[in-house]
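K.L.:
Sharing a structure, written as structure tokens. Questions coming.
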Amino acid sequence: MTGHSKSSPLPTYFAVFFALLVGTGLTVFAATLDLGRFNAAVALGIATVKATLVALFFMHVWHASEKLTKLVVIAALFFLLLLLGLTMSDYATRPWS
Amino acid sequence: MLLTRRRFPLPDSTAIGLQHEEEHRPELLHHFADEQQQRDASSLGMWVFLATEVMFFGGMFCAYLVYRRWYFGDFGAASKSINMALGATNTAVLICSSLTVVLAVWAAQTARKKLLIGSLALTMLLGLTFLGIKGMEYRDKFVEHHVPGASFSFDHEEIPGHPGQYANPAHAQIFFSLYFIMTGLHALHMIIGLGIFLWLLIMAWKGRFTPEYNTPVEIGGLYWHFVDIVWIYLFPLLYLIDRH
């Protein structure tokens, strides 16, 4: 929890805020470029960077005093990747579709 | 009488709890050792709830990925009919609201009541702006008959990058079903969030939050940020595919 450290968290908050706005502009700009198959990868990559910034600094995962909180976050991501990864490993490798 | 005769020392946490009771600290519930443990327990509980929300939205993202692969071009054509400028504006509105939420949490922790009330009110205003823009978007879709159902129509819409090839309306309808379910459930979360923030605003107005007790602001903030993260993924997946 940032609020309990001595230094003010405000510079971090504003830096993250501007990074998120820049990321949004970047993702709109990247969508207008023809990157072939990499359009989706670039869009999801930028989205993941933005989501990570929000979780780490706005939701205070970075400064969480309780390690269990970090474990819950990692467990949630792990099961999400399991859901998406195993489903797509089936659908994406069907030669008949 | 029985307690005073005990020879062995009480466990640490009980001893601290008793000590706090003597000091009359209403903000600390008696079953927690100290404020830090109480805060950690609350935010851990909220994170477990958010983990279930990740699974909840994850199922829909999974359905989206499967159909996007199957009906690649149809999804591109359908996505192009959605107003990208409105979506981008809404993304910026949500990012601004996330900033006002962290400011509110910080204000509660540092006993800045005016900033707390202002930030909470501004967050609600930005949330309502988001829903208003979303409503304009939905209105466009109704006017264009892009709402799945009996009056759905998506004829002679070209597949991006394939001149002369038209999207299959049945496949495009699946895109719009996913669009309405995913943005609709997201909007429902925003409406619930507005309710939570209205309650926080009333409590802040009454001066209930202090540097010692501000857990509801922090927990409400976690919820709002999570809804923001969901939108961060919805925006490129629904609005930005095949725009080039």
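Residue numbering restarts at 1 in every chain; chains get A, B, ... in the order shown in the structure tokens, and ligands count up from 1 in that same order.
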With only C-alpha atoms counted and 9 Å as the cut-off, give the residues of chain A in contact with chain B, each with its shortest interatomic distance in Å and the pair that gives it, as a Markdown table.
P.N.:
| residue | atom | partner | partner_atom | distance |
| --- | --- | --- | --- | --- |
| A:Thr2 | CA | B:Trp106 | CA | 8.6 |
| A:Gly3 | CA | B:Gln109 | CA | 6.2 |
| A:His4 | CA | B:Gln109 | CA | 8.1 |
| A:Pro9 | CA | B:Trp106 | CA | 8.2 |
| A:Leu10 | CA | B:Leu103 | CA | 8.0 |
| A:Tyr13 | CA | B:Leu99 | CA | 7.0 |
| A:Phe14 | CA | B:Leu99 | CA | 7.6 |
| A:Val16 | CA | B:Leu99 | CA | 8.8 |
| A:Phe17 | CA | B:Leu99 | CA | 6.4 |
| A:Leu20 | CA | B:Ile95 | CA | 6.9 |
| A:Leu21 | CA | B:Ala92 | CA | 6.6 |
| A:Thr24 | CA | B:Thr91 | CA | 7.3 |
| A:Gly25 | CA | B:Ala88 | CA | 8.3 |
| A:Thr27 | CA | B:Pro236 | CA | 7.5 |
| A:Val28 | CA | B:Leu240 | CA | 7.1 |
| A:Ala30 | CA | B:His244 | CA | 8.9 |
| A:Ala31 | CA | B:Arg243 | CA | 5.8 |
| A:Thr32 | CA | B:His244 | CA | 4.3 |
| A:Leu33 | CA | B:His244 | CA | 5.4 |
| A:Asp34 | CA | B:His244 | CA | 5.5 |
| A:Leu35 | CA | B:His244 | CA | 8.7 |
| A:Asn39 | CA | B:Ile241 | CA | 7.9 |
| A:Ala40 | CA | B:Ile241 | CA | 7.4 |
| A:Ala43 | CA | B:Pro236 | CA | 6.1 |
| A:Leu44 | CA | B:Tyr233 | CA | 7.2 |
| A:Ala47 | CA | B:Ile232 | CA | 5.8 |
| A:Thr48 | CA | B:Tyr233 | CA | 7.8 |
| A:Lys50 | CA | B:Ile232 | CA | 7.3 |
| A:Ala51 | CA | B:Ile229 | CA | 5.4 |
| A:Thr52 | CA | B:Ile229 | CA | 8.7 |
| A:Val54 | CA | B:His225 | CA | 7.0 |
| A:Ala55 | CA | B:His225 | CA | 7.7 |
| A:Phe58 | CA | B:Val102 | CA | 6.1 |
| A:Met59 | CA | B:Leu222 | CA | 5.7 |
| A:His60 | CA | B:Leu222 | CA | 8.9 |
| A:Ala64 | CA | B:Asp40 | CA | 8.4 |
| A:Ser65 | CA | B:Asp40 | CA | 7.4 |
| A:Glu66 | CA | B:Asp40 | CA | 6.2 |
| A:Leu68 | CA | B:Leu44 | CA | 7.2 |
| A:Thr69 | CA | B:Leu44 | CA | 5.4 |
| A:Val72 | CA | B:Val48 | CA | 6.4 |
| A:Val73 | CA | B:Ala51 | CA | 7.0 |
| A:Ala75 | CA | B:Ala51 | CA | 8.0 |
| A:Ala76 | CA | B:Ala51 | CA | 5.0 |
| A:Leu77 | CA | B:Val54 | CA | 7.9 |
| A:Phe79 | CA | B:Met55 | CA | 7.8 |
| A:Leu80 | CA | B:Gly58 | CA | 6.3 |
| A:Leu83 | CA | B:Cys62 | CA | 7.5 |
| A:Leu84 | CA | B:Cys62 | CA | 5.7 |
| A:Thr87 | CA | B:Cys62 | CA | 7.6 |
| A:Met88 | CA | B:Val66 | CA | 7.1 |
| A:Tyr91 | CA | B:Val66 | CA | 6.9 |
| A:Ala92 | CA | B:Arg69 | CA | 7.8 |
| A:Ser97 | CA | B:Trp70 | CA | 7.6 |
K.L.:
Kindly save the residues from that selection, with N, CA and C atoms included, as a short mmCIF file (atom, residue, chain, number, x, y, z; two decimals), in the first residue's frame.
P.N.:
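So result.cif came out as:
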data_model
loop_
_atom_site.label_atom_id
_atom_site.label_comp_id
_atom_site.auth_asym_id
_atom_site.auth_seq_id
_atom_site.Cartn_x
_atom_site.Cartn_y
_atom_site.Cartn_z
N THR A 2 0.74 2.02 -1.06
CA THR A 2 1.60 3.17 -1.24
C THR A 2 1.33 4.24 -0.20
N GLY A 3 0.09 4.34 0.26
CA GLY A 3 -0.28 5.43 1.17
C GLY A 3 0.49 5.40 2.47
N HIS A 4 1.09 4.26 2.78
CA HIS A 4 1.75 4.17 4.08
C HIS A 4 3.25 4.38 3.99
N PRO A 9 2.84 9.22 -3.33
CA PRO A 9 2.67 8.36 -4.50
C PRO A 9 2.18 9.13 -5.73
N LEU A 10 1.89 10.43 -5.56
CA LEU A 10 1.25 11.19 -6.65
C LEU A 10 2.05 11.20 -7.95
N TYR A 13 1.32 8.06 -9.76
CA TYR A 13 -0.05 8.01 -10.27
C TYR A 13 -0.18 8.78 -11.58
N PHE A 14 0.41 10.01 -11.60
CA PHE A 14 0.28 10.82 -12.82
C PHE A 14 1.10 10.23 -13.97
N VAL A 16 1.68 7.02 -14.47
CA VAL A 16 0.91 5.88 -14.97
C VAL A 16 -0.27 6.38 -15.81
N PHE A 17 -0.93 7.44 -15.33
CA PHE A 17 -2.06 8.03 -16.04
C PHE A 17 -1.67 8.45 -17.46
N LEU A 20 -0.96 5.49 -19.69
CA LEU A 20 -2.19 4.84 -20.14
C LEU A 20 -2.80 5.59 -21.32
N LEU A 21 -2.77 6.95 -21.23
CA LEU A 21 -3.32 7.75 -22.34
C LEU A 21 -2.48 7.55 -23.60
N THR A 24 -3.25 4.26 -25.14
CA THR A 24 -4.52 4.27 -25.88
C THR A 24 -4.32 4.88 -27.26
N GLY A 25 -3.60 6.02 -27.32
CA GLY A 25 -3.32 6.65 -28.62
C GLY A 25 -2.53 5.71 -29.52
N THR A 27 -2.41 2.41 -29.45
CA THR A 27 -3.17 1.25 -29.90
C THR A 27 -4.13 1.63 -31.04
N VAL A 28 -4.69 2.87 -30.97
CA VAL A 28 -5.55 3.34 -32.07
C VAL A 28 -4.71 3.54 -33.33
N ALA A 30 -1.81 2.07 -34.07
CA ALA A 30 -1.33 0.77 -34.57
C ALA A 30 -2.42 0.04 -35.34
N ALA A 31 -3.70 0.29 -34.96
CA ALA A 31 -4.80 -0.39 -35.62
C ALA A 31 -4.97 0.08 -37.07
N THR A 32 -4.49 1.32 -37.37
CA THR A 32 -4.64 1.85 -38.73
C THR A 32 -3.50 1.38 -39.64
N LEU A 33 -2.45 0.78 -39.05
CA LEU A 33 -1.35 0.26 -39.86
C LEU A 33 -1.64 -1.17 -40.28
N ASP A 34 -1.13 -1.55 -41.46
CA ASP A 34 -1.31 -2.94 -41.88
C ASP A 34 -0.09 -3.75 -41.45
N LEU A 35 -0.23 -4.46 -40.36
CA LEU A 35 0.87 -5.27 -39.85
C LEU A 35 0.63 -6.75 -40.13
N ASN A 39 -1.19 -7.45 -36.20
CA ASN A 39 -2.08 -6.42 -35.67
C ASN A 39 -2.67 -6.82 -34.32
N ALA A 40 -3.19 -8.05 -34.27
CA ALA A 40 -3.83 -8.52 -33.03
C ALA A 40 -2.79 -8.62 -31.92
N ALA A 43 -1.98 -5.13 -30.64
CA ALA A 43 -3.10 -4.56 -29.87
C ALA A 43 -3.20 -5.21 -28.49
N LEU A 44 -3.09 -6.55 -28.45
CA LEU A 44 -3.21 -7.24 -27.16
C LEU A 44 -1.97 -6.99 -26.29
N ALA A 47 -2.50 -3.63 -24.73
CA ALA A 47 -3.56 -3.76 -23.71
C ALA A 47 -3.01 -4.41 -22.45
N THR A 48 -2.13 -5.43 -22.63
CA THR A 48 -1.58 -6.13 -21.46
C THR A 48 -0.65 -5.22 -20.67
N LYS A 50 -0.94 -1.96 -20.50
CA LYS A 50 -1.81 -1.02 -19.80
C LYS A 50 -2.45 -1.67 -18.57
N ALA A 51 -2.96 -2.89 -18.75
CA ALA A 51 -3.62 -3.59 -17.64
C ALA A 51 -2.64 -3.85 -16.50
N THR A 52 -1.38 -4.20 -16.87
CA THR A 52 -0.37 -4.46 -15.84
C THR A 52 -0.06 -3.19 -15.05
N VAL A 54 -2.09 -0.66 -14.52
CA VAL A 54 -3.24 -0.39 -13.63
C VAL A 54 -3.17 -1.30 -12.40
N ALA A 55 -2.92 -2.59 -12.61
CA ALA A 55 -2.91 -3.54 -11.49
C ALA A 55 -1.76 -3.24 -10.53
N PHE A 58 -2.10 1.32 -9.70
CA PHE A 58 -3.38 1.86 -9.24
C PHE A 58 -4.02 0.91 -8.23
N MET A 59 -3.84 -0.41 -8.43
CA MET A 59 -4.45 -1.37 -7.51
C MET A 59 -3.45 -1.83 -6.45
N HIS A 60 -2.26 -1.21 -6.44
CA HIS A 60 -1.28 -1.38 -5.37
C HIS A 60 -0.76 -2.80 -5.21
N ALA A 64 1.90 -4.23 -2.34
CA ALA A 64 1.04 -5.00 -1.42
C ALA A 64 1.88 -5.57 -0.28
N SER A 65 1.42 -5.32 0.95
CA SER A 65 2.19 -5.80 2.09
C SER A 65 1.92 -7.29 2.32
N GLU A 66 0.82 -7.77 1.76
CA GLU A 66 0.43 -9.16 1.97
C GLU A 66 0.80 -9.99 0.74
N LEU A 68 -0.04 -12.92 0.04
CA LEU A 68 -1.19 -13.70 -0.44
C LEU A 68 -1.92 -12.97 -1.56
N THR A 69 -1.97 -11.63 -1.49
CA THR A 69 -2.63 -10.85 -2.54
C THR A 69 -1.97 -11.13 -3.89
N VAL A 72 -2.94 -14.53 -5.17
CA VAL A 72 -4.29 -14.58 -5.74
C VAL A 72 -4.28 -14.02 -7.16
N VAL A 73 -3.55 -12.91 -7.37
CA VAL A 73 -3.47 -12.31 -8.71
C VAL A 73 -2.84 -13.30 -9.69
N ALA A 75 -2.61 -16.55 -9.40
CA ALA A 75 -3.48 -17.72 -9.57
C ALA A 75 -4.60 -17.40 -10.55
N ALA A 76 -5.19 -16.20 -10.45
CA ALA A 76 -6.27 -15.81 -11.37
C ALA A 76 -5.76 -15.80 -12.80
N LEU A 77 -4.57 -15.21 -13.01
CA LEU A 77 -4.00 -15.14 -14.37
C LEU A 77 -3.68 -16.55 -14.88
N PHE A 79 -5.14 -19.42 -14.15
CA PHE A 79 -6.33 -20.17 -14.57
C PHE A 79 -6.96 -19.56 -15.82
N LEU A 80 -6.83 -18.23 -15.98
CA LEU A 80 -7.32 -17.59 -17.21
C LEU A 80 -6.52 -18.10 -18.41
N LEU A 83 -7.53 -21.58 -19.27
CA LEU A 83 -8.81 -21.58 -20.00
C LEU A 83 -8.59 -21.23 -21.47
N LEU A 84 -7.91 -20.09 -21.71
CA LEU A 84 -7.71 -19.62 -23.09
C LEU A 84 -6.73 -20.52 -23.83
N THR A 87 -8.19 -24.13 -24.60
CA THR A 87 -9.27 -24.04 -25.60
C THR A 87 -8.69 -23.77 -26.98
N MET A 88 -7.78 -22.78 -27.05
CA MET A 88 -7.25 -22.42 -28.36
C MET A 88 -6.30 -23.49 -28.89
N TYR A 91 -8.96 -25.60 -30.71
CA TYR A 91 -9.60 -24.99 -31.89
C TYR A 91 -8.58 -24.55 -32.95
N ALA A 92 -7.41 -24.07 -32.50
CA ALA A 92 -6.45 -23.52 -33.46
C ALA A 92 -5.67 -24.62 -34.20
N SER A 97 -11.06 -27.33 -39.86
CA SER A 97 -11.89 -26.13 -39.75
C SER A 97 -11.23 -24.93 -40.41
#
K.L.:
Can you list, as a ChimeraX atom specification, all residues belonging to chain B that DSSP tags as helix (DSSP H, G or I)?
P.N.:
/B:12-23,35-70,72-80,84-109,113-143,169-205,215-239
K.L.:
Could you tell me which of B:Thr183, B:Ser81, B:Ser42, B:Thr210 comes closest to Leu116 of chain B if we count only C-alpha atoms?
P.N.:
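The shortest atom-to-atom distance to Leu116 of chain B comes from B:Thr210.
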K.L.:
Could you pull the residues within 8 Å of Val227 of chain B, counting only C-alpha atoms, minus those fewer than 5 positions along the same chain, as a PyMOL selection string?
P.N.:
chain B and resi 186+189-190
K.L.:
Now that the selection is made, can you save its residues with all heavy atoms as a PDB file, in the first residue's frame?
P.N.:
ATOM      1  N   HIS B 186     -20.200  -5.291 -19.067  1.00  0.00           N
ATOM      2  CA  HIS B 186     -19.250  -4.284 -18.586  1.00  0.00           C
ATOM      3  C   HIS B 186     -20.012  -3.047 -18.097  1.00  0.00           C
ATOM      4  O   HIS B 186     -19.711  -2.513 -17.023  1.00  0.00           O
ATOM      5  CB  HIS B 186     -18.275  -3.913 -19.705  1.00  0.00           C
ATOM      6  CG  HIS B 186     -17.276  -2.882 -19.305  1.00  0.00           C
ATOM      7  ND1 HIS B 186     -17.484  -1.544 -19.511  1.00  0.00           N
ATOM      8  CD2 HIS B 186     -16.075  -2.991 -18.682  1.00  0.00           C
ATOM      9  CE1 HIS B 186     -16.451  -0.878 -19.039  1.00  0.00           C
ATOM     10  NE2 HIS B 186     -15.590  -1.729 -18.531  1.00  0.00           N
ATOM     11  N   HIS B 189     -21.501  -3.626 -14.786  1.00  0.00           N
ATOM     12  CA  HIS B 189     -20.494  -3.447 -13.735  1.00  0.00           C
ATOM     13  C   HIS B 189     -20.274  -1.964 -13.438  1.00  0.00           C
ATOM     14  O   HIS B 189     -20.059  -1.580 -12.287  1.00  0.00           O
ATOM     15  CB  HIS B 189     -19.166  -4.106 -14.145  1.00  0.00           C
ATOM     16  CG  HIS B 189     -19.127  -5.571 -13.863  1.00  0.00           C
ATOM     17  ND1 HIS B 189     -19.785  -6.488 -14.629  1.00  0.00           N
ATOM     18  CD2 HIS B 189     -18.525  -6.266 -12.865  1.00  0.00           C
ATOM     19  CE1 HIS B 189     -19.570  -7.695 -14.127  1.00  0.00           C
ATOM     20  NE2 HIS B 189     -18.813  -7.584 -13.063  1.00  0.00           N
ATOM     21  N   MET B 190     -20.323  -1.140 -14.486  1.00  0.00           N
ATOM     22  CA  MET B 190     -20.173   0.309 -14.277  1.00  0.00           C
ATOM     23  C   MET B 190     -21.329   0.844 -13.437  1.00  0.00           C
ATOM     24  O   MET B 190     -21.123   1.678 -12.550  1.00  0.00           O
ATOM     25  CB  MET B 190     -20.170   1.040 -15.626  1.00  0.00           C
ATOM     26  CG  MET B 190     -18.994   0.751 -16.509  1.00  0.00           C
ATOM     27  SD  MET B 190     -17.477   1.513 -15.931  1.00  0.00           S
ATOM     28  CE  MET B 190     -17.926   3.234 -15.954  1.00  0.00           C
TER      29      MET B 190
END
K.L.:
Run DSSP on the backbone and give me the residues of segment 31-211 of chain B it puts in strand (DSSP E or B), as a list in words.
P.N.:
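Those residues are Glu158, Ile159, His162, Pro163, Gly164, Gln165 and Tyr166 of chain B.
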K.L.:
Would you work out the distance separating atom CA of Gly207 of chain B from atom CA of Ala111 of chain B, expressed in Å to one decimal?
P.N.:
9.7 Å
K.L.:
Name all residues at most 12 Å from Val143 of chain B (count only C-alpha atoms; drop same-chain ones fewer than 5 positions away) and give them as a PyMOL selection string.
P.N.:
chain B and resi 136-138+151-153
K.L.:
Keeping only N, CA, C and O atoms, write those residues as a compact mmCIF listing (two decimals), in the first residue's frame.
P.N.:
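After the write, part22.txt holds the following:
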# COMPACT_ATOMS: atom_id res chain seq x y z
N MET B 136 -25.18 6.25 -26.74
CA MET B 136 -25.19 6.77 -28.11
C MET B 136 -24.78 5.68 -29.10
O MET B 136 -25.34 5.55 -30.18
N GLU B 137 -23.76 4.90 -28.67
CA GLU B 137 -23.27 3.82 -29.51
C GLU B 137 -24.37 2.77 -29.75
O GLU B 137 -24.59 2.33 -30.88
N TYR B 138 -25.05 2.38 -28.67
CA TYR B 138 -26.14 1.40 -28.77
C TYR B 138 -27.25 1.94 -29.66
O TYR B 138 -27.84 1.21 -30.46
N SER B 151 -35.08 -8.33 -36.46
CA SER B 151 -34.89 -7.25 -37.44
C SER B 151 -33.42 -7.05 -37.79
O SER B 151 -33.05 -6.03 -38.35
N PHE B 152 -32.58 -8.04 -37.45
CA PHE B 152 -31.14 -7.90 -37.74
C PHE B 152 -30.91 -7.89 -39.25
O PHE B 152 -31.50 -8.68 -39.99
N SER B 153 -30.06 -6.98 -39.69
CA SER B 153 -29.72 -6.96 -41.12
C SER B 153 -28.28 -6.50 -41.28
O SER B 153 -27.86 -5.51 -40.67
